[in-house]
Structures are given as structure tokens and as C-alpha cells.
Amino acid sequence: MSTGTAGAILTVDLGAVRRNYRAMRAAFSGAEVAGVVKANAYGLGIGAVAPALAREGCRTFFVATAAEAFKLRGLLPNAAIHVFDGIGPGEEADFAEHRIVPVLNSLPQVETWRAYAHAKERSMPADLHLDTGMSRLGLDAVEQSRLQANPDRLEGIELDAVISHLAVADDPAHPMNEAQRAAFAAISGGLPGRRRSLANSSGVFLGTAFHFDLARVGVALYGANPTPGAPSPVAQVIRLQGRILQVRSVDAARTVGYGATHRISRPSRIATVALGYADGYPLAMSNHGTAFLDNHEIPVVGRVSMDLTTVDVTDLPEGLAAPGRLVDFMGPNVSVDAVAERAKTIPYTILTGLGRRPYRIYLDED
Ligand SMILES: *Cc1c(COP(=O)(O)O)cnc(C)c1O
């Protein structure tokens with residue numbers, strides 16, 4: 001299949017990913033910026049994104065699950081690969097074989113890895129996650145004091161990063177940021193880790209006090225603004241386009257699409273585009289979205305369906321909207337952040353919700 005026949009096209013600009021990595025490195029005062037490539041690099045395709053980041057000098061990667069880590073090892077034989085979910089009983093040998101670094105999230109996980117190190121008579125690398133306010137993963141306060149009271153629990157574990165995760169990093173004025181930072185600085189200072197890590201994408205912009213040694217950066221690499229409300233320090237990465245299948249004139253007495261949610265109020269031309277929620281264009285854009293054809297803004301009318309979206313092209317110059325033409329739904333004219341805002345969601349779900357169906361083009365010009 002060529003792009004000339006694809007209904008929906010997703011273009012991923014790897015050059016932009018690399019420039020965004022450079023921009024995050026420039027904004028970060030600590031030693032290293034790690035790339036977070038969980039969930040298939042936030043939907044963009046880990047097979048293309050991770051090697052592009054590695055070419056830009058990224059050496060440390062975080063994924064969520066062991067399965068993601070094993071896949072990444074196949075792509076990057078020399079990278080440092082860390083797993084947020086940590087390690088469970090039975091996974092030790094695979095982690096060791098593939099040189100995967102678990103983020104230990106609880107004393108039972110610490111014990112699993114310590115026991116394996118002891119049995120193999122070698123030291124095993126790990127990160128340690130301290131919960132300072134997410135109440136999700138990481139050692140809670142009780143476990144933290146138990147560990148401090150008995151540091152032998154870490155025997156045989158070669159502790160790399162001691163990490164924590166911010167709950168409201170995208171809201172710089174929120175007092176919880178400083179509370180988490182202070183708690184993290186206090187507890188991590190008493191632990192033997194080689195380095196400390198607190199900031200995600202937004203955390204990098206909270207000031208150098210939040211930087212420590214290692215940043216764990218995801219969404220900013222993929223073009224979402226890590227500083228909501230301020231101009232974005234990163235560039236758009238994706239472009240989602242759909243091809244016009246059909247254009248029809250509709251008289252004033254009809255409705256458009258499922259649920260009959262859009263009523264025609266004047267003689268109109270409606271273009272039907274081969275792009276739907278199965279391609280990653282959110283249902284919530286029904287009657288809300290904006291698309292672009294040759295820099296002309298056109299409204300989404302009616303409900304977005306699985307395979308099709310309808311746009312009102314009445315006001316476009318005659319002949320511009322024709323079968324075969326591509327319409328832009330996300331990209332240079334409509335940022336991922338703007339789509340998320342209109343869909344009343346967050347850019348993370350827009351990116352991870354990109355469909356498998358669009359024909360994918362990876363650009364890699366720097
Ligand atoms: C996903 C994740 C990150 C990356 O966050 P972004 O906001 O995408 O930069 C960092 N740390 C942890 C623990 C995460 O789960």
C-alpha cells in the first residue's frame with residue numbers, strides 16, 4: 001500500500017523527537033535525561049522512537065512492564081533499561097539475562113531481588129522508588145522507616161537511582177510540589193543510591209531544586225507541552241490526516257451522522273473523511289473538532305464514528321474539498337494539547353490512543 005491509497009495517515013517526526021530530547025537536556029541541570037518509552041513510546045512506536053533517542057545520545061530508558069523491557073532490549077542491546085513496575089517472584093532470571101533494572105517498589109520486591117543476588121552470589125542492579133505523595137507505587141512511609149532501620153535488606157543490591165514521582169508537576173503553584181521535593185530530599189539522602197531522580201517532563205520546569213541527577217522524561221519528547229498555560233518548549237511530533245472519500249451537498253432538512261446530532265441549517269457541503277475513533281481521533285471531537293484543508297479551518301460536524309468523520313466544507317473555495325484530498329486533524333495546525341483540551345482529556349490519552357490502523361510514516365530528518 002502507498003500513501004496514495006491510505007485512508008488515514010499518521011506521520012511521526014523523529015527529528016522532532018530528537019530536537020525535543022535536546023531541548024529537555026538543555027532545560028535540565030542534572031547529569032542525565034532518561035527517555036520514558038512505556039506504552040509503545042506513548043503510542044508513537046517504540047521500534048522507531050527508542051533508536052532515534054539512542055542516536056541522540058539517550059542512554060537510559062524507562063518502560064512500565066517487563067514485557068516492554070524485553071522488547072526494548074531487542075532494539076537496543078547496549079541501553080540501560082529500567083522497569084517502573086519492578087520485579088515479581090519468578091521474573092529474576094529473565095531480568096538478569098536481559099540486564100533489566102527493576103524499580104523496586106516495596107519491601108517484598110526488595111527481598112525478591114536481594115534473595116536472587118544472594119543465591120547467585122553477585123550484586124544485582126536496581127532503582128528504589130519512594131512514595132512521597134502518589135499513594136500508588138513505591139515504599140510507603142512505614143516501609144521507608146523499616147528500610148532505614150535495617151539497611152541490610154539492600155545487601156547484594158547495587159542501588160542505582162532512588163526515585164519518586166510528582167503528583168502535580170504540571171501545576172507549578174501547587175504546594176504539594178515543594179512538600180514532595182522536601183520529603184524526597186530528606187529520605188533519599190539517607191539511602192545508598194548512586195543518584196537521585198524526581199522530575200518527569202513537567203518536573204524539569206519546576207526549577208533546579210527539583211532536578212537532582214536524573215530526569216525521567218516522556219510526554220514532552222512526543223510534543224505535548226510540559227508547561228500548560230505557557231508557550232511550549234517542545235515541538236509537535238505527530239500529524240494525523242484523513243483522506244476525503246466523498247463530498248455531498250445536503251439540503252436544509254437533514255442531519256449528519258449517528259445520533260443525528262448535527263442538524264443542517266443551510267444548504268451545505270459535507271465531506272466524509274476516512275478517519276475515525278479507531279484511528280485515534282477521539283469520539284469526544286464529535287461536533288467539537290477542528291480540521292484543516294490547505295490551511296483553511298473546517299469544523300467537524302456530527303458524531304465521529306469508527307471509520308469516518310464528517311466535516312463541513314461549505315465555506316471552502318469551490319473544488320478544494322474533493323475526494324482524495326487529505327485533511328489534517330492533528331499536527332502543525334492543531335496541536336495534541338489543543339485536541340486534548342477540546343476532548344476534555346489529557347494529551348497522554350490522545351497519544352496512547354492513536355490507532356494501529358493509520359498508515360505510519362516515520363520522518364527522520366534532523
Ligand atoms: C510515565 C512516568 C514518567 C514520565 O512522565 P511524563 O509526564 O510523560 O514525562 C516519569 N516517571 C514515572 C514514574 C512515570 O510513571
# chains A, B, ... in the order shown; residues from 1 in each chain; ligands from 1
>>> closest_atom_pairs(of="range 120-200 of chain A", to="range 59-83 of chain A", cutoff="12 Å", atoms="only C-alpha atoms", output="Markdown table")
| residue | atom | partner | partner_atom | distance |
| --- | --- | --- | --- | --- |
| A:Pro125 | CA | A:His82 | CA | 9.8 |
| A:Ala126 | CA | A:His82 | CA | 8.1 |
| A:Asp127 | CA | A:His82 | CA | 7.9 |
| A:Leu128 | CA | A:His82 | CA | 10.9 |
| A:His129 | CA | A:Val83 | CA | 11.1 |
| A:Leu137 | CA | A:Ala64 | CA | 11.6 |
| A:Asp160 | CA | A:His82 | CA | 10.3 |
| A:Ala161 | CA | A:His82 | CA | 10.0 |
| A:Ile163 | CA | A:His82 | CA | 11.7 |
| A:Asn200 | CA | A:Phe62 | CA | 11.4 |
>>> residues_around(residues="Glu92 in chain A", least_positions_apart="4", cutoff="12 Å", atoms="only C-alpha atoms", output="list in words")
Ala66, Gly86, Ile87, Gly88, Ala96, Glu97, His98, Arg99, Ile100, Val101, Pro102, Gln109, Val110, Glu111, Thr112, Trp113, Arg114, Ala115, Tyr116, Ala117, Ala119, Lys120, Met124, Pro125 and Ala126 of chain A
>>> write_last_selection(atoms="C-alpha atoms", output="PDB file, in the first residue's frame")
ATOM      1  CA  ALA A  66       8.832  -6.420  31.927  1.00  0.00           C
ATOM      2  CA  GLY A  86       9.569  -3.586  39.314  1.00  0.00           C
ATOM      3  CA  ILE A  87      10.037  -7.308  39.650  1.00  0.00           C
ATOM      4  CA  GLY A  88       7.927 -10.212  40.855  1.00  0.00           C
ATOM      5  CA  ALA A  96      19.250 -10.869  34.897  1.00  0.00           C
ATOM      6  CA  GLU A  97      19.647 -12.426  31.458  1.00  0.00           C
ATOM      7  CA  HIS A  98      18.394  -9.324  29.640  1.00  0.00           C
ATOM      8  CA  ARG A  99      20.180  -6.908  32.022  1.00  0.00           C
ATOM      9  CA  ILE A 100      16.921  -5.219  33.029  1.00  0.00           C
ATOM     10  CA  VAL A 101      16.972  -2.916  36.057  1.00  0.00           C
ATOM     11  CA  PRO A 102      13.818  -3.197  38.175  1.00  0.00           C
ATOM     12  CA  GLN A 109      10.231  -6.571  45.771  1.00  0.00           C
ATOM     13  CA  VAL A 110      13.454  -5.582  47.539  1.00  0.00           C
ATOM     14  CA  GLU A 111      13.525  -9.021  49.169  1.00  0.00           C
ATOM     15  CA  THR A 112      12.921 -10.822  45.850  1.00  0.00           C
ATOM     16  CA  TRP A 113      15.944  -9.130  44.281  1.00  0.00           C
ATOM     17  CA  ARG A 114      18.149  -9.426  47.420  1.00  0.00           C
ATOM     18  CA  ALA A 115      17.449 -13.155  47.638  1.00  0.00           C
ATOM     19  CA  TYR A 116      18.305 -13.629  43.963  1.00  0.00           C
ATOM     20  CA  ALA A 117      21.563 -11.697  44.352  1.00  0.00           C
ATOM     21  CA  ALA A 119      21.607 -17.091  45.569  1.00  0.00           C
ATOM     22  CA  LYS A 120      23.698 -16.095  42.540  1.00  0.00           C
ATOM     23  CA  MET A 124      22.118  -7.054  41.112  1.00  0.00           C
ATOM     24  CA  PRO A 125      21.320  -3.505  39.912  1.00  0.00           C
ATOM     25  CA  ALA A 126      18.056  -1.817  40.896  1.00  0.00           C
TER      26      ALA A 126
END
>>> select_by_dssp(residues="range 146-255 of chain A", states="strand (DSSP E or B)", output="list in words")
Ile157, Glu158, Leu159, Asp160, Ala161, Val162, Ile163, Arg195, Arg196, Ser197, Leu214, Ala215, Arg216, Val217, Ile238, Arg239, Leu240, Gln241, Gly242, Arg243, Ile244, Leu245, Gln246, Val247, Arg248, Ser249, Val250 and Thr255 of chain A
>>> residues_near_ligand(ligand="ligand 1", cutoff="10 Å", atoms="only C-alpha atoms and all ligand atoms", output="ChimeraX atom specification")
/A:34-39,41-42,62-64,83-85,103,129,134,136-138,163-167,169-170,197-204,215-222,224-226,347-348
>>> residues_around(residues="range 143-150 of chain A", least_positions_apart="2", cutoff="9 Å", atoms="only C-alpha atoms", output="list in words")
Ser106, Leu107, Leu130, Asp131, Leu139, Asp140, Ala141, Asp152, Arg153, Leu154, Ile187, Gly190 and Leu191 of chain A
>>> write_last_selection(atoms="C-alpha atoms", output="short mmCIF file (atom, residue, chain, number, x, y, z; two decimals), in the first residue's frame")
data_model
loop_
_atom_site.label_atom_id
_atom_site.label_comp_id
_atom_site.auth_asym_id
_atom_site.auth_seq_id
_atom_site.Cartn_x
_atom_site.Cartn_y
_atom_site.Cartn_z
CA SER A 106 8.03 -2.40 48.02
CA LEU A 107 9.96 -4.35 50.64
CA LEU A 130 9.89 6.08 47.48
CA ASP A 131 6.26 7.14 47.59
CA LEU A 139 7.76 2.23 49.51
CA ASP A 140 5.27 3.92 51.82
CA ALA A 141 6.37 5.77 54.95
CA ASP A 152 20.91 -4.88 55.30
CA ARG A 153 17.71 -5.51 53.38
CA LEU A 154 19.57 -3.98 50.42
CA ILE A 187 14.61 10.38 52.81
CA GLY A 190 19.92 8.67 53.90
CA LEU A 191 19.95 5.89 51.30
#
>>> closest_residue(among="A:Ala23, A:Val247, A:Val311, A:Ala6", to="Pro323 in chain A", atoms="only C-alpha atoms")
A:Val247
>>> closest_residue(among="A:Pro172, A:Gly353, A:Gly47, A:Pro108", to="Gly276 in chain A", atoms="only C-alpha atoms")
A:Gly353
>>> atom_distance(atom1="CA of Ala274 in chain A", atom2="CA of Arg239 in chain A")
15.1 Å
>>> residues_around(residues="Leu44 in chain A", least_positions_apart="5", cutoff="10 Å", atoms="only C-alpha atoms", output="ChimeraX atom specification")
/A:10-14,37,39,49,222,237-238,351-356,360,362
>>> residues_around(residues="Leu308 in chain A", least_positions_apart="6", cutoff="10 Å", atoms="only C-alpha atoms", output="PyMOL selection string")
chain A and resi 7-8+242-245+257+272-279+281
>>> closest_residue(among="A:Arg195, A:Ala182, A:Thr208, A:Gly43", to="Thr349 in chain A", atoms="only C-alpha atoms")
A:Gly43
>>> residues_around(residues="Val234 in chain A", least_positions_apart="2", cutoff="6 Å", atoms="only C-alpha atoms", output="PyMOL selection string")
chain A and resi 20+223+232
>>> closest_residue(among="A:Val313, A:His174, A:Arg196, A:Leu53", to="Ala31 in chain A", atoms="only C-alpha atoms")
A:Arg196
>>> select_by_dssp(residues="range 15-202 of chain A", states="helix (DSSP H, G or I)", output="count of residues only")
87
>>> closest_residue(among="A:Arg342, A:Gly45, A:Pro233, A:Ser286", to="Ala26 in chain A", atoms="only C-alpha atoms")
A:Pro233
>>> closest_residue(among="A:Asp315, A:Glu91, A:Asp364, A:Glu297", to="Ser268 in chain A", atoms="only C-alpha atoms")
A:Asp315
>>> decode(residues="range 68-95 of chain A", atoms="N, CA, C and O atoms", output="JSON list (two decimals), in the first residue's frame")
[["chain", "number", "residue", "atom", "x", "y", "z"],
["A", 68, "GLU", "N", 7.64, -4.95, 28.04],
["A", 68, "GLU", "CA", 8.17, -3.80, 27.28],
["A", 68, "GLU", "C", 9.69, -3.77, 27.34],
["A", 68, "GLU", "O", 10.36, -3.43, 26.35],
["A", 69, "ALA", "N", 10.24, -4.12, 28.50],
["A", 69, "ALA", "CA", 11.70, -4.10, 28.66],
["A", 69, "ALA", "C", 12.37, -5.13, 27.76],
["A", 69, "ALA", "O", 13.38, -4.84, 27.12],
["A", 70, "PHE", "N", 11.80, -6.34, 27.69],
["A", 70, "PHE", "CA", 12.42, -7.38, 26.86],
["A", 70, "PHE", "C", 12.37, -6.98, 25.39],
["A", 70, "PHE", "O", 13.31, -7.19, 24.64],
["A", 71, "LYS", "N", 11.26, -6.38, 25.00],
["A", 71, "LYS", "CA", 11.16, -5.92, 23.62],
["A", 71, "LYS", "C", 12.21, -4.84, 23.33],
["A", 71, "LYS", "O", 12.89, -4.86, 22.30],
["A", 72, "LEU", "N", 12.36, -3.92, 24.26],
["A", 72, "LEU", "CA", 13.32, -2.83, 24.08],
["A", 72, "LEU", "C", 14.75, -3.37, 24.03],
["A", 72, "LEU", "O", 15.59, -2.86, 23.27],
["A", 73, "ARG", "N", 15.04, -4.40, 24.84],
["A", 73, "ARG", "CA", 16.38, -4.99, 24.81],
["A", 73, "ARG", "C", 16.72, -5.49, 23.40],
["A", 73, "ARG", "O", 17.85, -5.35, 22.93],
["A", 74, "GLY", "N", 15.71, -6.03, 22.71],
["A", 74, "GLY", "CA", 15.94, -6.49, 21.34],
["A", 74, "GLY", "C", 16.26, -5.34, 20.39],
["A", 74, "GLY", "O", 16.94, -5.53, 19.38],
["A", 75, "LEU", "N", 15.78, -4.15, 20.72],
["A", 75, "LEU", "CA", 16.03, -2.98, 19.86],
["A", 75, "LEU", "C", 17.34, -2.30, 20.19],
["A", 75, "LEU", "O", 18.01, -1.76, 19.31],
["A", 76, "LEU", "N", 17.68, -2.27, 21.48],
["A", 76, "LEU", "CA", 18.86, -1.54, 21.94],
["A", 76, "LEU", "C", 19.70, -2.44, 22.84],
["A", 76, "LEU", "O", 19.53, -2.47, 24.06],
["A", 77, "PRO", "N", 20.65, -3.15, 22.24],
["A", 77, "PRO", "CA", 21.44, -4.12, 23.02],
["A", 77, "PRO", "C", 22.27, -3.49, 24.13],
["A", 77, "PRO", "O", 22.60, -4.17, 25.10],
["A", 78, "ASN", "N", 22.60, -2.20, 24.01],
["A", 78, "ASN", "CA", 23.52, -1.61, 24.99],
["A", 78, "ASN", "C", 22.89, -0.61, 25.95],
["A", 78, "ASN", "O", 23.56, -0.09, 26.83],
["A", 79, "ALA", "N", 21.59, -0.31, 25.78],
["A", 79, "ALA", "CA", 20.98, 0.72, 26.63],
["A", 79, "ALA", "C", 20.76, 0.22, 28.05],
["A", 79, "ALA", "O", 20.68, -0.99, 28.29],
["A", 80, "ALA", "N", 20.69, 1.15, 28.99],
["A", 80, "ALA", "CA", 20.24, 0.82, 30.34],
["A", 80, "ALA", "C", 18.72, 0.87, 30.34],
["A", 80, "ALA", "O", 18.12, 1.88, 29.97],
["A", 81, "ILE", "N", 18.09, -0.26, 30.71],
["A", 81, "ILE", "CA", 16.63, -0.36, 30.63],
["A", 81, "ILE", "C", 16.07, -0.60, 32.04],
["A", 81, "ILE", "O", 16.43, -1.58, 32.70],
["A", 82, "HIS", "N", 15.19, 0.31, 32.47],
["A", 82, "HIS", "CA", 14.62, 0.26, 33.81],
["A", 82, "HIS", "C", 13.10, 0.06, 33.71],
["A", 82, "HIS", "O", 12.47, 0.60, 32.82],
["A", 83, "VAL", "N", 12.56, -0.71, 34.67],
["A", 83, "VAL", "CA", 11.13, -1.06, 34.62],
["A", 83, "VAL", "C", 10.39, -0.50, 35.83],
["A", 83, "VAL", "O", 10.63, -0.92, 36.96],
["A", 84, "PHE", "N", 9.46, 0.43, 35.58],
["A", 84, "PHE", "CA", 8.71, 1.06, 36.68],
["A", 84, "PHE", "C", 7.94, 0.05, 37.53],
["A", 84, "PHE", "O", 7.82, 0.21, 38.74],
["A", 85, "ASP", "N", 7.39, -0.97, 36.92],
["A", 85, "ASP", "CA", 6.56, -1.92, 37.70],
["A", 85, "ASP", "C", 7.39, -2.79, 38.63],
["A", 85, "ASP", "O", 6.84, -3.48, 39.48],
["A", 86, "GLY", "N", 8.72, -2.79, 38.44],
["A", 86, "GLY", "CA", 9.57, -3.59, 39.31],
["A", 86, "GLY", "C", 9.56, -5.05, 38.93],
["A", 86, "GLY", "O", 9.35, -5.40, 37.77],
["A", 87, "ILE", "N", 9.82, -5.89, 39.93],
["A", 87, "ILE", "CA", 10.04, -7.31, 39.65],
["A", 87, "ILE", "C", 9.19, -8.17, 40.58],
["A", 87, "ILE", "O", 8.98, -7.81, 41.73],
["A", 88, "GLY", "N", 8.69, -9.28, 40.03],
["A", 88, "GLY", "CA", 7.93, -10.21, 40.86],
["A", 88, "GLY", "C", 8.64, -11.55, 40.91],
["A", 88, "GLY", "O", 9.53, -11.83, 40.09],
["A", 89, "PRO", "N", 8.24, -12.39, 41.89],
["A", 89, "PRO", "CA", 8.86, -13.70, 42.00],
["A", 89, "PRO", "C", 8.71, -14.48, 40.70],
["A", 89, "PRO", "O", 7.65, -14.46, 40.08],
["A", 90, "GLY", "N", 9.79, -15.11, 40.26],
["A", 90, "GLY", "CA", 9.73, -15.86, 39.01],
["A", 90, "GLY", "C", 10.31, -15.10, 37.83],
["A", 90, "GLY", "O", 10.60, -15.68, 36.79],
["A", 91, "GLU", "N", 10.48, -13.78, 37.99],
["A", 91, "GLU", "CA", 10.99, -12.98, 36.87],
["A", 91, "GLU", "C", 12.49, -12.72, 36.96],
["A", 91, "GLU", "O", 13.08, -12.12, 36.05],
["A", 92, "GLU", "N", 13.12, -13.17, 38.05],
["A", 92, "GLU", "CA", 14.51, -12.78, 38.33],
["A", 92, "GLU", "C", 15.46, -13.18, 37.21],
["A", 92, "GLU", "O", 16.29, -12.38, 36.75],
["A", 93, "ALA", "N", 15.36, -14.44, 36.76],
["A", 93, "ALA", "CA", 16.33, -14.93, 35.78],
["A", 93, "ALA", "C", 16.22, -14.16, 34.46],
["A", 93, "ALA", "O", 17.24, -13.83, 33.84],
["A", 94, "ASP", "N", 14.99, -13.87, 34.04],
["A", 94, "ASP", "CA", 14.81, -13.12, 32.79],
["A", 94, "ASP", "C", 15.37, -11.70, 32.92],
["A", 94, "ASP", "O", 15.99, -11.17, 31.99],
["A", 95, "PHE", "N", 15.13, -11.07, 34.07],
["A", 95, "PHE", "CA", 15.68, -9.73, 34.28],
["A", 95, "PHE", "C", 17.21, -9.78, 34.22],
["A", 95, "PHE", "O", 17.84, -8.93, 33.60]]
